[in-house]
$ cat run_14.txt   # compact mmCIF, C-alpha atoms and all ligand atoms
# COMPACT_ATOMS: atom_id res chain seq x y z
CA MET A 1 -2.69 -24.96 1.49
CA ALA A 2 -4.06 -21.44 1.11
CA THR A 3 -3.32 -18.37 -0.98
CA TYR A 4 -3.41 -14.99 0.71
CA ALA A 5 -3.46 -11.65 -1.07
CA ILE A 6 -1.70 -9.01 1.02
CA GLY A 7 -2.08 -5.31 0.29
CA ASP A 8 0.52 -2.58 0.09
CA ILE A 9 3.19 -3.33 2.72
CA GLN A 10 5.31 -0.18 2.10
CA GLY A 11 8.04 -1.10 4.54
CA CYS A 12 5.68 -1.98 7.40
CA PHE A 13 7.63 -5.07 8.40
CA ALA A 14 6.43 -5.41 12.01
CA PRO A 15 2.70 -5.46 11.16
CA LEU A 16 3.54 -7.85 8.32
CA GLN A 17 5.20 -10.28 10.72
CA ARG A 18 2.22 -10.12 13.08
CA LEU A 19 -0.17 -10.73 10.18
CA LEU A 20 1.82 -13.75 8.97
CA THR A 21 1.75 -15.19 12.49
CA ARG A 22 -1.95 -14.64 12.73
CA ILE A 23 -2.69 -16.49 9.46
CA HIS A 24 -0.16 -19.23 10.35
CA PHE A 25 1.58 -18.64 7.05
CA ASP A 26 3.80 -21.57 6.10
CA PRO A 27 5.89 -20.95 2.96
CA ALA A 28 6.19 -24.70 2.42
CA ARG A 29 2.42 -25.00 2.13
CA ASP A 30 0.83 -21.60 1.48
CA LYS A 31 1.26 -18.90 -1.16
CA LEU A 32 1.22 -15.13 -0.94
CA TRP A 33 0.06 -12.73 -3.62
CA LEU A 34 1.63 -9.36 -2.86
CA THR A 35 -0.17 -6.47 -4.55
CA GLY A 36 2.97 -4.34 -4.90
CA ASP A 37 4.42 -1.28 -3.19
CA LEU A 38 6.54 -3.47 -0.94
CA VAL A 39 8.61 -0.40 -0.16
CA ASN A 40 8.68 3.30 0.71
CA ARG A 41 7.10 5.75 3.15
CA GLY A 42 7.18 3.10 5.88
CA PRO A 43 10.03 2.32 8.29
CA ASP A 44 11.64 -0.90 7.08
CA SER A 45 11.59 -1.38 3.34
CA LEU A 46 14.88 -3.28 3.41
CA ALA A 47 13.52 -5.99 5.72
CA VAL A 48 10.40 -6.35 3.56
CA LEU A 49 12.46 -6.71 0.38
CA ARG A 50 14.78 -9.30 1.94
CA TRP A 51 11.78 -11.24 3.24
CA ALA A 52 9.95 -11.23 -0.11
CA HIS A 53 13.11 -12.15 -2.02
CA ALA A 54 13.79 -15.06 0.35
CA LEU A 55 10.28 -16.46 -0.13
CA GLY A 56 11.10 -17.57 -3.66
CA PRO A 57 8.17 -19.32 -5.33
CA ALA A 58 5.96 -19.00 -2.22
CA ALA A 59 5.32 -15.37 -3.16
CA VAL A 60 3.95 -13.79 -6.31
CA VAL A 61 4.85 -10.12 -6.51
CA VAL A 62 3.56 -7.45 -8.87
CA LEU A 63 5.28 -4.09 -9.11
CA GLY A 64 3.71 -0.94 -7.69
CA ASN A 65 4.52 2.69 -8.33
CA HIS A 66 6.79 2.90 -5.27
CA ASP A 67 8.68 -0.24 -6.34
CA LEU A 68 9.26 1.34 -9.75
CA HIS A 69 10.39 4.57 -8.07
CA LEU A 70 12.92 2.57 -6.03
CA LEU A 71 14.18 0.94 -9.24
CA ALA A 72 14.47 4.41 -10.80
CA ARG A 73 16.42 5.72 -7.79
CA TRP A 74 18.75 2.71 -7.94
CA ALA A 75 19.29 3.26 -11.67
CA GLY A 76 20.10 6.90 -11.00
CA VAL A 77 17.29 8.19 -13.21
CA ALA A 78 15.08 9.64 -10.44
CA GLY A 79 15.88 11.90 -7.53
CA ALA A 80 14.79 11.47 -3.93
CA ARG A 81 11.26 12.56 -3.12
CA ARG A 82 10.47 14.35 0.10
CA ARG A 83 8.84 11.41 1.88
CA ASP A 84 11.09 8.64 0.51
CA THR A 85 12.37 6.16 3.09
CA LEU A 86 14.60 4.23 0.70
CA ASP A 87 18.12 5.14 1.87
CA ALA A 88 18.73 1.91 3.79
CA VAL A 89 17.76 -0.15 0.75
CA LEU A 90 19.99 1.86 -1.58
CA ALA A 91 22.96 1.53 0.81
CA ALA A 92 22.52 -2.15 1.66
CA PRO A 93 25.33 -4.58 0.77
CA ASP A 94 22.79 -6.86 -0.88
CA ALA A 95 21.07 -4.04 -2.79
CA PRO A 96 22.38 -5.20 -6.20
CA GLU A 97 20.83 -8.64 -5.74
CA LEU A 98 17.57 -7.32 -4.23
CA LEU A 99 17.07 -4.66 -6.90
CA ALA A 100 17.89 -7.07 -9.74
CA TRP A 101 15.27 -9.41 -8.31
CA LEU A 102 12.71 -6.62 -7.92
CA ARG A 103 13.22 -5.52 -11.51
CA ARG A 104 12.33 -9.01 -12.74
CA GLN A 105 8.94 -9.03 -11.01
CA ARG A 106 5.75 -8.87 -13.02
CA LEU A 107 3.45 -5.94 -13.76
CA LEU A 108 0.48 -8.31 -13.87
CA TYR A 109 0.00 -11.92 -12.83
CA ARG A 110 -2.77 -14.24 -13.94
CA GLU A 111 -3.82 -17.63 -12.67
CA GLY A 112 -7.04 -18.99 -14.17
CA ASP A 113 -9.70 -16.33 -13.77
CA LEU A 114 -7.79 -14.49 -11.05
CA CYS A 115 -5.55 -11.54 -11.87
CA LEU A 116 -3.15 -9.64 -9.60
CA VAL A 117 -2.20 -6.05 -10.38
CA HIS A 118 -1.15 -3.03 -8.30
CA GLY A 119 -3.39 -0.25 -9.61
CA GLY A 120 -6.04 -1.62 -11.93
CA LEU A 121 -7.05 -2.42 -15.48
CA LEU A 122 -8.35 0.20 -17.87
CA PRO A 123 -11.91 -0.62 -18.93
CA GLN A 124 -10.97 -0.99 -22.60
CA TRP A 125 -8.50 -3.83 -21.84
CA THR A 126 -9.49 -7.45 -21.84
CA LEU A 127 -7.37 -9.49 -19.46
CA ALA A 128 -5.68 -11.06 -22.49
CA ASP A 129 -4.79 -7.56 -23.81
CA ALA A 130 -3.39 -6.53 -20.45
CA GLU A 131 -1.47 -9.74 -20.03
CA ARG A 132 0.15 -9.40 -23.45
CA MET A 133 1.07 -5.75 -22.81
CA ALA A 134 2.45 -6.67 -19.39
CA ARG A 135 4.79 -9.33 -20.81
CA GLU A 136 6.06 -6.88 -23.43
CA ALA A 137 6.48 -4.04 -20.92
CA GLU A 138 8.28 -6.34 -18.46
CA ALA A 139 10.73 -7.25 -21.24
CA VAL A 140 11.32 -3.54 -21.93
CA LEU A 141 11.88 -2.87 -18.23
CA CYS A 142 14.56 -5.58 -18.10
CA GLY A 143 16.12 -4.56 -21.43
CA PRO A 144 18.27 -1.71 -22.79
CA ALA A 145 15.36 0.81 -22.71
CA GLY A 146 14.44 -0.10 -19.12
CA ASN A 147 16.08 2.90 -17.47
CA ALA A 148 14.54 5.31 -19.98
CA LEU A 149 11.13 3.83 -19.19
CA LEU A 150 11.75 4.22 -15.44
CA ALA A 151 12.92 7.81 -15.96
CA ALA A 152 9.72 8.65 -17.86
CA LEU A 153 7.35 7.07 -15.33
CA PRO A 154 6.27 10.17 -13.44
CA ARG A 155 4.41 10.97 -16.66
CA GLN A 156 1.60 9.09 -18.37
CA HIS A 157 2.68 9.70 -21.95
CA ALA A 158 5.85 10.26 -23.94
CA GLU A 159 6.33 11.32 -27.54
CA GLY A 160 8.14 9.29 -30.13
CA PRO A 161 8.26 5.93 -31.85
CA ASP A 162 10.35 4.12 -29.24
CA ALA A 163 9.54 1.50 -26.62
CA VAL A 164 9.19 4.16 -23.90
CA ALA A 165 6.42 5.98 -25.75
CA ARG A 166 4.75 2.67 -26.58
CA TYR A 167 4.71 1.19 -23.07
CA LEU A 168 4.66 4.19 -20.71
CA PRO A 169 0.85 4.63 -20.77
CA PHE A 170 0.36 0.95 -19.97
CA VAL A 171 2.88 0.86 -17.12
CA ALA A 172 1.59 4.15 -15.68
CA ALA A 173 -2.00 2.87 -15.75
CA VAL A 174 -1.42 -0.60 -14.41
CA THR A 175 0.62 0.70 -11.47
CA ARG A 176 -1.25 3.93 -10.65
CA LEU A 177 -4.86 3.59 -11.77
CA ARG A 178 -7.65 4.53 -9.35
CA THR A 179 -10.19 6.45 -11.39
CA CYS A 180 -10.71 7.13 -15.06
CA ASN A 181 -13.35 8.70 -17.25
CA ALA A 182 -16.01 6.74 -19.11
CA SER A 183 -13.74 6.50 -22.16
CA GLY A 184 -10.96 4.94 -20.12
CA HIS A 185 -8.64 7.93 -19.77
CA PRO A 186 -6.98 7.80 -16.31
CA CYS A 187 -7.49 10.67 -13.84
CA ASP A 188 -3.91 10.42 -12.67
CA HIS A 189 -3.57 12.59 -9.59
CA PHE A 190 -6.70 11.84 -7.62
CA ASN A 191 -6.11 9.60 -4.59
CA GLY A 192 -9.10 10.33 -2.35
CA ALA A 193 -12.21 8.32 -1.63
CA PRO A 194 -14.42 7.41 -4.62
CA ALA A 195 -17.16 9.82 -3.54
CA ALA A 196 -14.68 12.71 -3.69
CA ALA A 197 -13.50 11.99 -7.23
CA PRO A 198 -13.45 14.94 -9.66
CA PRO A 199 -16.37 15.30 -12.06
CA GLY A 200 -16.25 12.65 -14.76
CA CYS A 201 -13.81 10.43 -12.85
CA ILE A 202 -15.11 7.10 -11.59
CA PRO A 203 -13.38 4.04 -10.12
CA TRP A 204 -11.80 2.04 -12.94
CA PHE A 205 -13.82 -1.02 -11.97
CA GLU A 206 -17.16 0.81 -12.22
CA VAL A 207 -16.88 1.87 -15.85
CA PRO A 208 -19.84 0.35 -17.71
CA GLY A 209 -18.80 -2.32 -20.19
CA ARG A 210 -15.40 -2.93 -18.56
CA LYS A 211 -13.81 -5.68 -20.62
CA SER A 212 -12.13 -7.45 -17.70
CA ALA A 213 -15.38 -7.88 -15.77
CA ASP A 214 -15.32 -11.63 -16.47
CA VAL A 215 -12.36 -12.25 -14.14
CA THR A 216 -11.51 -11.43 -10.53
CA VAL A 217 -8.99 -8.63 -10.13
CA VAL A 218 -6.93 -8.49 -6.93
CA PHE A 219 -5.43 -5.02 -6.49
CA GLY A 220 -3.95 -2.50 -4.07
CA HIS A 221 -2.79 1.13 -4.36
CA TRP A 222 -5.98 2.83 -3.18
CA SER A 223 -5.85 3.22 0.58
CA ALA A 224 -8.73 5.71 0.55
CA LEU A 225 -10.87 2.99 -1.01
CA GLY A 226 -9.78 0.55 1.69
CA LEU A 227 -10.85 -3.07 1.79
CA TYR A 228 -13.08 -3.59 -1.22
CA ILE A 229 -14.64 -6.97 -1.82
CA ALA A 230 -17.26 -7.26 -4.55
CA PRO A 231 -18.00 -9.74 -7.32
CA GLY A 232 -14.83 -9.91 -9.42
CA LEU A 233 -12.92 -7.43 -7.23
CA ILE A 234 -10.63 -7.71 -4.21
CA GLY A 235 -9.08 -4.40 -3.14
CA THR A 236 -6.54 -4.89 -0.37
CA ASP A 237 -4.84 -1.57 0.44
CA THR A 238 -6.04 -0.78 3.95
CA GLY A 239 -3.49 1.98 4.61
CA CYS A 240 -1.02 0.33 6.96
CA VAL A 241 1.61 2.95 6.17
CA TRP A 242 -0.92 5.63 7.14
CA GLY A 243 -1.42 4.04 10.58
CA ARG A 244 -4.43 1.93 9.67
CA GLU A 245 -4.18 -1.81 8.94
CA LEU A 246 -2.38 -4.41 6.89
CA THR A 247 -4.80 -6.90 5.38
CA ALA A 248 -4.62 -10.42 3.98
CA VAL A 249 -7.54 -11.88 2.01
CA ARG A 250 -7.62 -15.67 1.66
CA LEU A 251 -8.48 -16.16 -1.99
CA GLU A 252 -10.13 -19.57 -1.56
CA ASP A 253 -12.96 -18.24 0.62
CA ARG A 254 -12.31 -14.47 0.79
CA GLU A 255 -11.91 -14.51 4.56
CA VAL A 256 -10.26 -11.28 5.69
CA PHE A 257 -7.46 -10.96 8.26
CA SER A 258 -6.36 -7.48 9.32
CA GLU A 259 -3.57 -6.41 11.62
CA PRO A 260 -3.35 -2.88 13.02
CA ALA A 261 -0.29 -0.81 12.13
CA PHE A 262 0.20 0.01 15.79
CA PRO A 263 -1.21 -2.58 18.21
CA LEU A 264 -2.42 -1.34 21.57
CA ASN A 265 -0.17 -2.39 24.42
CA VAL A 266 -2.53 -3.63 27.10
MN MN A 301 0.76 2.45 -5.01
$ encode --input "run_14.txt" --output "structure tokens"
Amino acid sequence: MATYAIGDIQGCFAPLQRLLTRIHFDPARDKLWLTGDLVNRGPDSLAVLRWAHALGPAAVVVLGNHDLHLLARWAGVAGARRRDTLDAVLAAPDAPELLAWLRRQRLLYREGDLCLVHGGLLPQWTLADAERMAREAEAVLCGPAGNALLAALPRQHAEGPDAVARYLPFVAAVTRLRTCNASGHPCDHFNGAPAAAPPGCIPWFEVPGRKSADVTVVFGHWSALGLYIAPGLIGTDTGCVWGRELTAVRLEDREVFSEPAFPLNV
């Protein structure tokens, strides 16, 4: 019995299958923690979604920004983006079932002192704060204001007294966070390596006094950061969709297994 955290798959189904073979993944015995962004940009999002859906309780999934974009496309509240590779999902006969399942997935998952999230946690949030906000935001996403929340997601803030204005900053941060300033305001558009961050922007996990520093956060979303293993932190996005690697980290002992996006044929 082992639990493996696997970083952003983004439709890279072939490397995923090779990685699962390499770790001898057995859904009857092992568990997977998927850090989100199952879909988009890569070649086979539909196969990844069908695979994750079929795993049932053997997989824990948190939603990433690309997963939310797919849900917004399906709901008809977002247009296609230039590099989207979602058409096969949207046209699939089982799309209604797959997308209903995806919409029910969590924004944050906690087990003991381990937490799984796509982007990160703002430094001013305790894990208990983030967990409570996640449960409330998940309920909004699955409720009557869900499509309005999805429609607003390209932004970080909305005006007004409604659920969208209340939960948009949380959902935007938890699914897109890489860097923020020392007061915990996200620097939303920066996606480069930490050393190239704009003045005043630092990785969310390096903010002094971060209130979630007492737990271990497993996250993805930051391919320019790459594999990042430090006390209390497991960053797993190793850029498979950009031709690099797909990585699984075994949570029991932090052993790392990486599979190249394009294996050499020798
Ligand atoms: Mn992402």
$ residues_near_ligand --input "run_14.txt" --ligand "ligand MN 301 (chain A)" --cutoff "10 Å" --atoms "all atoms listed in the file" --output "list in words"
Gly7, Asp8, Ile9, Gln10, Thr35, Gly36, Asp37, Leu38, Val39, Asn40, Leu63, Gly64, Asn65, His66, Asp67, Leu68, His118, Gly119, Thr175, Arg176, Leu177, Arg178, Asn191, Phe219, Gly220, His221, Trp222, Ser223 and Asp237 of chain A
$ residues_around --input "run_14.txt" --residues "Ala80 of chain A" --least-positions-apart "3" --cutoff "12 Å" --atoms "only C-alpha atoms" --output "list in words"
Asn40, Arg41, His66, His69, Leu70, Leu71, Ala72, Arg73, Trp74, Gly76, Val77, Arg83, Asp84, Thr85, Leu86, Asp87 and Leu90 of chain A
$ atom_distance --input "run_14.txt" --atom1 "atom CA of Val48 of chain A" --atom2 "atom CA of Leu32 of chain A"
13.5 Å
$ residues_around --input "run_14.txt" --residues "segment 146-157 of chain A" --least-positions-apart "6" --cutoff "7 Å" --atoms "all atoms listed in the file" --output "list in words"
Leu68, Ala72, Ala75, Val77, Ala78, Val140, Val164, Ala165, Leu168, Pro169 and Ala172 of chain A
$ closest_residue --input "run_14.txt" --among "A:Arg135, A:Val61, A:Gln124, A:Ala52" --to "Pro208 of chain A" --atoms "all atoms listed in the file"
A:Gln124
$ closest_residue --input "run_14.txt" --among "A:Thr238, A:Asn181, A:Ser258, A:Ser45" --to "Phe13 of chain A" --atoms "only C-alpha atoms"
A:Ser45
